[in-house]
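Containing mmCIF, C-alpha atoms: coords.cif.
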```cif
data_run
loop_
_atom_site.label_atom_id
_atom_site.label_comp_id
_atom_site.auth_asym_id
_atom_site.auth_seq_id
_atom_site.Cartn_x
_atom_site.Cartn_y
_atom_site.Cartn_z
CA MET S 1 0.00 0.00 0.00
CA PRO S 2 1.51 3.37 -1.01
CA VAL S 3 2.58 5.76 1.77
CA LEU S 4 -0.05 8.41 0.98
CA GLU S 5 -2.89 5.88 0.97
CA ARG S 6 -1.60 4.31 4.21
CA THR S 7 -1.45 7.77 5.86
CA ARG S 8 -4.98 8.67 4.71
CA LEU S 9 -6.31 5.36 6.00
CA LYS S 10 -4.58 5.87 9.36
CA LEU S 11 -6.06 9.38 9.74
CA LEU S 12 -9.53 8.15 8.80
CA GLU S 13 -9.22 5.29 11.29
CA ALA S 14 -8.19 7.65 14.10
CA PHE S 15 -11.13 9.95 13.35
CA VAL S 16 -13.72 7.17 13.11
CA LEU S 17 -12.51 5.42 16.28
CA ALA S 18 -12.50 8.68 18.24
CA ALA S 19 -16.02 9.52 17.05
CA SER S 20 -17.35 6.03 17.89
CA ARG S 21 -16.15 6.09 21.52
CA ARG S 22 -19.02 8.39 22.47
CA SER S 23 -21.68 5.73 21.94
CA LYS S 24 -23.61 4.56 24.97
CA GLY S 25 -25.37 1.32 25.62
CA PRO S 26 -24.41 -2.16 26.79
CA LYS S 27 -20.67 -2.65 27.11
CA HIS S 28 -20.59 -5.89 25.09
CA LEU S 29 -22.34 -4.20 22.14
CA ALA S 30 -19.89 -1.30 22.26
CA THR S 31 -17.01 -3.82 22.25
CA GLY S 32 -18.51 -5.52 19.19
CA ARG S 33 -18.93 -2.22 17.32
CA ARG S 34 -15.38 -1.22 18.21
CA GLY S 35 -14.14 -4.58 16.95
CA GLU S 36 -15.98 -4.33 13.64
CA LEU S 37 -14.53 -0.87 13.02
CA ALA S 38 -11.04 -2.09 13.91
CA ALA S 39 -11.55 -5.11 11.65
CA TYR S 40 -12.46 -2.90 8.70
CA PHE S 41 -9.23 -0.93 8.99
CA TYR S 42 -7.12 -4.03 9.72
CA LEU S 43 -8.39 -5.75 6.59
CA ARG S 44 -7.93 -2.61 4.47
CA ARG S 45 -4.30 -2.43 5.62
CA HIS S 46 -3.91 -6.05 4.53
CA GLY S 47 -5.19 -5.43 1.02
CA TYR S 48 -8.87 -6.32 1.29
CA ILE S 49 -11.34 -4.16 -0.61
CA ILE S 50 -14.41 -3.99 1.61
CA THR S 51 -17.71 -3.73 -0.24
CA ALA S 52 -20.22 -4.11 2.62
CA ARG S 53 -20.38 -3.70 6.40
CA GLY S 54 -23.13 -5.20 8.54
CA TRP S 55 -24.95 -6.59 5.48
CA ARG S 56 -28.48 -7.79 6.21
CA SER S 57 -31.17 -9.46 4.17
CA ALA S 58 -34.77 -8.39 4.44
CA HIS S 59 -35.75 -12.08 4.27
CA LEU S 60 -33.28 -13.83 6.59
CA ARG S 61 -32.16 -13.36 10.18
CA GLY S 62 -28.61 -12.35 11.01
CA ASP S 63 -25.96 -10.28 9.30
CA ILE S 64 -22.57 -10.60 7.67
CA ASP S 65 -20.10 -8.36 9.46
CA LEU S 66 -17.91 -7.58 6.44
CA ILE S 67 -17.88 -8.56 2.79
CA GLY S 68 -14.85 -7.82 0.68
CA TRP S 69 -12.40 -8.87 -1.97
CA ASP S 70 -9.06 -10.47 -1.18
CA GLY S 71 -7.54 -10.50 -4.64
CA ASP S 72 -10.09 -12.21 -6.87
CA THR S 73 -11.84 -14.01 -4.00
CA LEU S 74 -15.05 -12.64 -2.48
CA CYS S 75 -14.80 -13.07 1.30
CA PHE S 76 -17.56 -13.19 3.86
CA ILE S 77 -15.91 -12.14 7.11
CA GLU S 78 -17.20 -12.80 10.61
CA VAL S 79 -15.63 -10.60 13.28
CA LYS S 80 -15.44 -11.81 16.88
CA THR S 81 -14.17 -9.38 19.51
CA ARG S 82 -13.23 -10.22 23.07
CA THR S 83 -11.72 -8.34 26.00
CA THR S 84 -10.20 -11.50 27.50
CA ARG S 85 -9.06 -14.97 26.51
CA ASP S 86 -9.97 -16.45 29.90
CA VAL S 87 -13.20 -18.21 28.89
CA ALA S 88 -12.71 -19.28 25.27
CA THR S 89 -11.13 -18.07 22.06
CA ALA S 90 -13.10 -15.59 19.99
CA GLU S 91 -13.17 -17.83 16.91
CA ALA S 92 -14.77 -20.64 18.95
CA ALA S 93 -17.97 -18.56 18.97
CA VAL S 94 -18.44 -19.32 15.26
CA ASP S 95 -20.28 -22.56 15.90
CA GLU S 96 -22.29 -24.70 13.49
CA ASP S 97 -25.44 -22.59 13.92
CA LYS S 98 -23.52 -19.39 13.10
CA ARG S 99 -21.86 -21.06 10.07
CA ARG S 100 -25.28 -22.18 8.81
CA THR S 101 -26.62 -18.62 9.16
CA LEU S 102 -23.58 -17.18 7.36
CA ARG S 103 -23.91 -19.71 4.50
CA ARG S 104 -27.60 -18.80 4.03
CA LEU S 105 -26.83 -15.08 4.01
CA ALA S 106 -23.90 -15.55 1.63
CA ARG S 107 -26.08 -17.53 -0.82
CA HIS S 108 -28.69 -14.76 -0.70
CA TYR S 109 -26.02 -12.08 -1.28
CA LEU S 110 -24.53 -14.01 -4.22
CA ARG S 111 -27.94 -14.41 -5.91
CA GLN S 112 -28.07 -10.61 -6.21
CA LEU S 113 -24.77 -10.38 -8.11
CA PRO S 114 -24.63 -10.47 -11.91
CA GLN S 115 -21.58 -12.78 -12.01
CA LYS S 116 -22.43 -16.26 -10.79
CA ASP S 117 -19.13 -18.20 -10.86
CA LEU S 118 -17.14 -16.34 -8.22
CA SER S 119 -14.42 -17.72 -5.99
CA THR S 120 -15.70 -17.30 -2.42
CA ARG S 121 -14.39 -17.89 1.07
CA PHE S 122 -15.46 -17.53 4.71
CA ASP S 123 -12.94 -15.81 6.96
CA VAL S 124 -13.05 -15.25 10.71
CA LEU S 125 -11.20 -12.34 12.28
CA ALA S 126 -10.67 -12.66 16.04
CA ILE S 127 -9.79 -9.43 17.84
CA TYR S 128 -8.65 -9.15 21.44
CA PHE S 129 -8.82 -5.83 23.29
CA GLU S 130 -7.19 -6.95 26.52
CA LYS S 131 -6.61 -4.36 29.24
CA ASP S 132 -3.22 -2.61 29.12
CA LYS S 133 -2.25 -4.43 25.91
CA LYS S 134 -2.14 -3.53 22.26
CA ALA S 135 -5.02 -4.98 20.24
CA GLU S 136 -4.28 -8.43 18.80
CA TYR S 137 -5.70 -9.72 15.54
CA GLU S 138 -5.92 -13.30 14.30
CA LEU S 139 -7.22 -13.77 10.75
CA PHE S 140 -8.43 -17.23 9.80
CA ARG S 141 -8.67 -17.27 6.00
CA GLY S 142 -10.95 -20.05 4.81
CA ALA S 143 -12.04 -20.72 8.40
CA PHE S 144 -14.79 -22.95 7.12
CA ASN S 145 -14.77 -23.29 3.38
CA ASP S 146 -18.09 -25.02 3.25
CA VAL S 147 -20.09 -25.07 0.06
CA ILE S 148 -22.12 -21.92 -0.32
#
```

How does this structure look as structure tokens?
Amino acid sequence: MPVLERTRLKLLEAFVLAASRRSKGPKHLATGRRGELAAYFYLRRHGYIITARGWRSAHLRGDIDLIGWDGDTLCFIEVKTRTTRDVATAEAAVDEDKRRTLRRLARHYLRQLPQKDLSTRFDVLAIYFEKDKKAEYELFRGAFNDVI
């Protein structure tokens, strides 16, 4: 990523994160929102082109946190954010029920696209905001490459 683009992205990230800290509500929801914003910028820095955030279908329950291109592969990205590793890993929260929901939503999203023979993948991005530590990111590309 060129220096100018990297600098612009860093400034935008700082502005968006500062503006989002004012939100009120349940702490776990604020952590999730913070994680999804951090995930967007993390993936952008790693070359993803994000095309949708918090995508929902009018016909199905649930949402897809991020949808974007990694090269020529369309990725459906589930973001899991935690403030501790004491109970379980963040990626462990993507259980069979969540994978089923994501597959349904991905199929619905793909039906709306003009091109039908796309390379697709499901990624999971685990983010840890542990107290007094720098944020840690773990990206699982192809976390569950089930048939869409």

Near-Leu74 of chain S list (8 Å; all atoms listed in the file; drop same-chain fewer than 5 positions) as a list in words =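 Result of the neighbour search: Ile67, Gly68, Trp69, Leu118, Ser119, Thr120 and Arg121 of chain S.
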
Suppose you want the space between atom CA of Phe144 of chain S and atom CA of Ala30 of chain S; what is it in Å?
-> 26.9 Å

Option closest in space to Leu37 of chain S, from S:Ser57, S:Lys98, S:Asp123, S:Lys80 [counting only C-alpha atoms] | S:Lys80

Point out the residue among S:Arg103, S:Lys131, S:Tyr137, S:Asp97 with the least atom-to-atom distance to His46 of chain S, counting all atoms listed in the file.
->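 Of S:Arg103, S:Lys131, S:Tyr137, S:Asp97, the one nearest His46 of chain S, counting all atoms listed in the file, is S:Tyr137.
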
Quick one: distance from atom CA of Met1 of chain S to atom CA of Ala135 of chain S in Å, one decimal?
-> 21.4 Å

Find the residues around Ile127 of chain S up to 9 Å (all atoms listed in the file counted), leave out those fewer than 3 positions away in its own chain, and share them as a PyMOL selection string.
-> chain S and resi 35+38-39+79-83+90+135-139

Please measure the separation of atom CA of Leu60 of chain S and atom CA of Leu43 of chain S, giving the value in Å to one decimal.
->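 The value is 26.2 Å.
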
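Among the candidates S:Ile64, S:Phe129, S:Asp72, S:Leu12, the residue lying nearest to Ile49 of chain S is S:Asp72 (atoms considered: all atoms listed in the file).
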
Taking the file as shown, find all residues satisfying the PyMOL selection byres ((chain S and resi 122) around 7) and write them as a PDB file with C-alpha atoms, keeping the file's coordinate frame.
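Contents of out10.pdb, as written:
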```pdb
ATOM      1  CA  CYS S  75     -14.800 -13.070   1.300  1.00  0.00           C
ATOM      2  CA  PHE S  76     -17.560 -13.190   3.860  1.00  0.00           C
ATOM      3  CA  ILE S  77     -15.910 -12.140   7.110  1.00  0.00           C
ATOM      4  CA  ARG S 121     -14.390 -17.890   1.070  1.00  0.00           C
ATOM      5  CA  ASP S 123     -12.940 -15.810   6.960  1.00  0.00           C
ATOM      6  CA  VAL S 124     -13.050 -15.250  10.710  1.00  0.00           C
ATOM      7  CA  ARG S 141      -8.670 -17.270   6.000  1.00  0.00           C
ATOM      8  CA  GLY S 142     -10.950 -20.050   4.810  1.00  0.00           C
ATOM      9  CA  ALA S 143     -12.040 -20.720   8.400  1.00  0.00           C
ATOM     10  CA  PHE S 144     -14.790 -22.950   7.120  1.00  0.00           C
ATOM     11  CA  ASN S 145     -14.770 -23.290   3.380  1.00  0.00           C
TER      12      ASN S 145
END
```

Would you list the contacts of Arg56 of chain S as a list in words, taking every protein, DNA or RNA residue within 12 Å and counting only C-alpha atoms, but skipping same-chain residues closer than 4 positions in sequence?
-> Ala52, Leu60, Arg61, Gly62, Asp63, Ile64, Asp65, Leu66, Ile67, Thr101, Leu102, Arg104, Leu105, Ala106, His108 and Tyr109 of chain S

Which residue out of S:Val87, S:Arg45, S:Asp70, S:Asp95 has the minimum interatomic distance to Thr7 of chain S when only C-alpha atoms are used?
->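 That would be S:Arg45, the residue with the smallest distance to Thr7 of chain S.
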